[in-house]
Amino acid sequence: MNNCVLAVDIGTSALKAAVICADGKVLDFCREEFAPIEIPCEQKFSQKWIFAFGTACKKMHGAISDARAICVSGNGPTLVFEDGTTLLWNAPISKNAELEKAEAELENAAPDSSGIFCEAKKSIFIPRILAAKNIFPAQWNEGKKIFSCPEFLINKICGAQITILPEARFRAAYWTEEILDALGIPRGMLCDFFPSMKIAGYATEKAACEFGVPYGIPVIGVGPDFVAALIGTATIKAGALCDRAGSSEGLNLCTSFPITADEIRTLPSPVAPFWNASFLIENPGKSNSEKVKNFAQGIRALKKCAEKHGVFFDDTIAITGGQSCDENLIQQKADTAGIKIALEQIADAELLGDAAIAFTALGEFDSLQNATDAICKKQKIFYPKNSKGEK
C-alpha cells in the first residue's frame, strides 16, 4: 500500500490532480481542461470544476484507492455562491470603482469610515464581494453562503462551509468584521475562517458515489493556488524565488520582512515570519517573445526592489504552471533574464504544495519546511547561455 494523498488544484483553464507519495513520487496525474468561455463571470462556471474533478477521479481510480487524504487548492479570489453562481478572479471589474461606489453610498451613514476604506483597499476579496453583489443581485438577496474557489469543491466533497486562511496574517488581505460591518456585507454570507493544515471534514457517502473517492477519507484545505505554488516550489525560505507561469504570471520572492515598491505586491508568506513579494503579469503574452520580455522585466523589477532593501536574491528561480511544459520557452527566459530556472518533478508544483500541506496535517512531518524538503525536488536546471553552469 502506498503512502500517498490525492492533490487537486483548480486553475483558470484546467483542473489538475495527482496522487503523490510522502517522498515526492508522483503515482498518477490527470489534467482536465475546461471548455473555453467568452465571459469571465459565466454564471455556472463552477460546475465545470465539479465535472472535471469527477472525471479525474475516475481516470485515476486505482491510485486514489490508496490515498490517505484529499487536499484542494484553487484560483483566487474567485467567488462562488452556494448555488454555483461564479465570479472568476479575472472578471473585468474595477477594484477602485467598487470601493468608491460603496464609500459614496455610506458617506452620510458613516462619515468617519475613511479609515475602514483604506483597509478595504488592501483586501484581495472585498472589491470582488462588492462586485458579486452588483452583478448577481438575486443570489445576493437570497443571503446564501459565498465560497472561494477551492472551498466550493471542498464543500461538495465533505460538506464543510469554510474559508481557508493560509496563515493568521492573511486576515488583512481577506476581511475583518469591522470592514464587513462598514460595507454592509452580512457576516453570515461568508464562511468562517479555518486554518490550513487541518482536516476540514471527511468525504461523504454522496461524494464517494458521485466522484469515486474513498468514503470517509479526510479532506484538507490548502487555500489559494498561489500559496500552494509557493510551498510546492519551496519558496518559503528567505531569498527563494518562483515563477507561477500559466495563463497569468507572478514572480515571487520570499523575504524576511515586508518590502515595497510601485510594481511589487507584498503579502505574508504561508510560513511565519516570512513575507512574499510579487511582480504580477496579468497577461504574459501570446508569443514566446512576449512572455520572455515580460518575465525579464519582472525579474529586473523584483531584483531592483530586493537590492534597494538589502534582501538576498537567489540565482535560481523555480517555475510552475502551463509555461513549464515548454522547455524551449524556459531556456529563452533563462537566457534573456540571466537567471537559472529550475523545473520540479511535476510541471504543476501547486500539487506538490498541496501534498506537503496534507502530509503535515496528517502528522507525517512535524513542519511544513520538512515536508517540502522531502517532497519538492528540483529535477532539471536551465542555465543561461554563457553562464558557468552551461552544459
# chains A, B, ... in the order shown; residues from 1 in each chain; ligands from 1

call {"tool": "select_by_dssp", "arguments": {"residues": "segment 229-323 of chain A", "states": "strand (DSSP E or B)", "output": "ChimeraX atom specification"}}
result
/A:241-245,249-255,261,264-268,275-281,316-320

call {"tool": "select_by_dssp", "arguments": {"residues": "segment 134-353 of chain A", "states": "alpha helix (DSSP H)", "output": "PyMOL selection string"}}
result
chain A and resi 134-135+137-142+149-158+171-174+177-183+205-211+225-232+288-308+327-337+350-353

call {"tool": "residues_around", "arguments": {"residues": "segment 234-244 of chain A", "least_positions_apart": "4", "cutoff": "6 Å", "atoms": "only C-alpha atoms", "output": "list in words"}}
result
Leu230, Glu249, Gly250, Leu251, Asn252, Leu253, Cys254, Thr255, Ser256, Phe312, Phe313, Asp314, Ile317, Ala318, Ile319, Thr320 and Gly321 of chain A

call {"tool": "write_last_selection", "arguments": {"atoms": "N, CA, C and O atoms", "output": "compact mmCIF listing (two decimals), in the first residue's frame"}}
result
# COMPACT_ATOMS: atom_id res chain seq x y z
N LEU A 230 3.82 28.53 -3.85
CA LEU A 230 4.96 28.93 -3.03
C LEU A 230 5.51 27.74 -2.25
O LEU A 230 6.73 27.55 -2.15
N GLU A 249 0.66 35.31 -14.71
CA GLU A 249 2.01 35.00 -14.22
C GLU A 249 2.35 35.87 -13.03
O GLU A 249 1.97 37.04 -12.96
N GLY A 250 3.07 35.29 -12.08
CA GLY A 250 3.53 36.03 -10.93
C GLY A 250 4.93 35.58 -10.53
O GLY A 250 5.17 34.38 -10.37
N LEU A 251 5.85 36.52 -10.41
CA LEU A 251 7.20 36.23 -9.94
C LEU A 251 7.24 36.54 -8.45
O LEU A 251 6.83 37.62 -8.02
N ASN A 252 7.72 35.59 -7.66
CA ASN A 252 7.63 35.70 -6.21
C ASN A 252 8.99 35.56 -5.55
O ASN A 252 9.80 34.71 -5.93
N LEU A 253 9.21 36.37 -4.52
CA LEU A 253 10.44 36.35 -3.74
C LEU A 253 10.09 36.27 -2.26
O LEU A 253 9.33 37.09 -1.75
N CYS A 254 10.65 35.28 -1.57
CA CYS A 254 10.44 35.14 -0.13
C CYS A 254 11.42 36.05 0.60
O CYS A 254 12.62 36.05 0.31
N THR A 255 10.92 36.84 1.53
CA THR A 255 11.75 37.79 2.27
C THR A 255 11.55 37.64 3.78
O THR A 255 10.53 37.12 4.23
N SER A 256 12.52 38.16 4.54
CA SER A 256 12.44 38.08 6.00
C SER A 256 11.57 39.18 6.59
O SER A 256 11.16 39.10 7.74
N PHE A 312 18.35 39.25 0.21
CA PHE A 312 19.00 38.21 -0.58
C PHE A 312 18.11 37.80 -1.74
O PHE A 312 16.91 37.62 -1.59
N PHE A 313 18.72 37.63 -2.92
CA PHE A 313 18.02 37.27 -4.15
C PHE A 313 18.76 36.09 -4.76
O PHE A 313 19.91 36.22 -5.19
N ASP A 314 18.13 34.91 -4.78
CA ASP A 314 18.80 33.69 -5.23
C ASP A 314 19.15 33.78 -6.72
O ASP A 314 18.57 34.58 -7.46
N ILE A 317 15.49 30.44 -10.02
CA ILE A 317 14.05 30.60 -9.80
C ILE A 317 13.35 29.32 -10.24
O ILE A 317 13.63 28.77 -11.31
N ALA A 318 12.45 28.80 -9.39
CA ALA A 318 11.67 27.61 -9.73
C ALA A 318 10.47 28.03 -10.55
O ALA A 318 9.89 29.10 -10.34
N ILE A 319 10.07 27.20 -11.50
CA ILE A 319 8.93 27.52 -12.37
C ILE A 319 7.83 26.49 -12.19
O ILE A 319 8.09 25.30 -11.99
N THR A 320 6.60 26.95 -12.24
CA THR A 320 5.44 26.07 -12.17
C THR A 320 4.33 26.62 -13.06
O THR A 320 4.30 27.82 -13.36
N GLY A 321 3.44 25.76 -13.51
CA GLY A 321 2.33 26.20 -14.35
C GLY A 321 2.49 25.76 -15.79
O GLY A 321 3.46 25.08 -16.16

call {"tool": "atom_distance", "arguments": {"atom1": "atom CA of Lys198 of chain A", "atom2": "atom CA of Gly76 of chain A"}}
result
19.7 Å

call {"tool": "residues_around", "arguments": {"residues": "Trp175 of chain A", "least_positions_apart": "6", "cutoff": "12 Å", "atoms": "only C-alpha atoms", "output": "number ranges by chain"}}
result
A: 116-117, 119-129, 163, 165, 168-169, 181-183, 185, 187, 190-193

call {"tool": "write_last_selection", "arguments": {"atoms": "C-alpha atoms", "output": "PDB file, in the first residue's frame"}}
result
ATOM      1  CA  ILE A 116     -12.084  51.414   7.065  1.00  0.00           C
ATOM      2  CA  PHE A 117     -11.991  52.036   3.309  1.00  0.00           C
ATOM      3  CA  GLU A 119      -8.101  48.934   4.986  1.00  0.00           C
ATOM      4  CA  ALA A 120     -10.614  47.569   2.481  1.00  0.00           C
ATOM      5  CA  LYS A 121      -8.371  48.646  -0.403  1.00  0.00           C
ATOM      6  CA  LYS A 122      -5.719  46.212   0.877  1.00  0.00           C
ATOM      7  CA  SER A 123      -8.118  43.278   0.555  1.00  0.00           C
ATOM      8  CA  ILE A 124      -7.987  40.938  -2.424  1.00  0.00           C
ATOM      9  CA  PHE A 125     -11.553  39.778  -1.700  1.00  0.00           C
ATOM     10  CA  ILE A 126     -13.665  42.785  -0.618  1.00  0.00           C
ATOM     11  CA  PRO A 127     -13.827  44.533  -4.040  1.00  0.00           C
ATOM     12  CA  ARG A 128     -14.875  41.254  -5.667  1.00  0.00           C
ATOM     13  CA  ILE A 129     -17.500  40.612  -2.993  1.00  0.00           C
ATOM     14  CA  THR A 163     -12.745  29.897   4.236  1.00  0.00           C
ATOM     15  CA  LEU A 165      -6.780  31.032   5.946  1.00  0.00           C
ATOM     16  CA  ALA A 168      -3.055  34.223  10.503  1.00  0.00           C
ATOM     17  CA  ARG A 169      -1.513  37.340   8.922  1.00  0.00           C
ATOM     18  CA  ASP A 181     -19.948  45.925   9.090  1.00  0.00           C
ATOM     19  CA  ALA A 182     -18.911  49.233   7.494  1.00  0.00           C
ATOM     20  CA  LEU A 183     -19.727  47.988   3.995  1.00  0.00           C
ATOM     21  CA  ILE A 185     -21.787  42.829   3.992  1.00  0.00           C
ATOM     22  CA  ARG A 187     -21.151  38.218   8.087  1.00  0.00           C
ATOM     23  CA  LEU A 190     -19.105  34.499   4.315  1.00  0.00           C
ATOM     24  CA  CYS A 191     -17.774  31.224   5.639  1.00  0.00           C
ATOM     25  CA  ASP A 192     -15.802  31.300   8.879  1.00  0.00           C
ATOM     26  CA  PHE A 193     -12.024  31.233   8.685  1.00  0.00           C
TER      27      PHE A 193
END

call {"tool": "residues_around", "arguments": {"residues": "Phe211 of chain A", "least_positions_apart": "6", "cutoff": "9 Å", "atoms": "only C-alpha atoms", "output": "JSON, numbers by chain"}}
result
{"A": [50, 51, 53, 54, 55, 56, 57, 58, 157]}

call {"tool": "closest_residue", "arguments": {"among": "A:Ser248, A:Thr266, A:Thr86, A:Thr176", "to": "Lys133 of chain A", "atoms": "only C-alpha atoms"}}
result
A:Thr86

call {"tool": "residues_around", "arguments": {"residues": "Gly285 of chain A", "least_positions_apart": "3", "cutoff": "10 Å", "atoms": "only C-alpha atoms", "output": "PyMOL selection string"}}
result
chain A and resi 247-249+281-282+288-294

call {"tool": "residues_around", "arguments": {"residues": "segment 7-23 of chain A", "least_positions_apart": "4", "cutoff": "9 Å", "atoms": "only C-alpha atoms", "output": "PyMOL selection string"}}
result
chain A and resi 2-3+27-36+49+52-53+56-57+60+63-64+67+69-75+88-90+149-150+225+228+246-248+348+350-356+358-359+364+371+374-376

call {"tool": "closest_residue", "arguments": {"among": "A:Ala208, A:Met189, A:Ile231, A:Ala347", "to": "Asp373 of chain A", "atoms": "only C-alpha atoms"}}
result
A:Ile231

call {"tool": "closest_residue", "arguments": {"among": "A:Gln139, A:Thr78, A:Thr316, A:Thr233", "to": "Gln369 of chain A", "atoms": "only C-alpha atoms"}}
result
A:Thr233

call {"tool": "closest_residue", "arguments": {"among": "A:Gly212, A:Pro218, A:Pro258, A:Gly115", "to": "Cys305 of chain A", "atoms": "only C-alpha atoms"}}
result
A:Pro258

call {"tool": "closest_residue", "arguments": {"among": "A:Pro268, A:Ala91, A:Ala172, A:Gly184", "to": "Ala132 of chain A", "atoms": "only C-alpha atoms"}}
result
A:Ala91
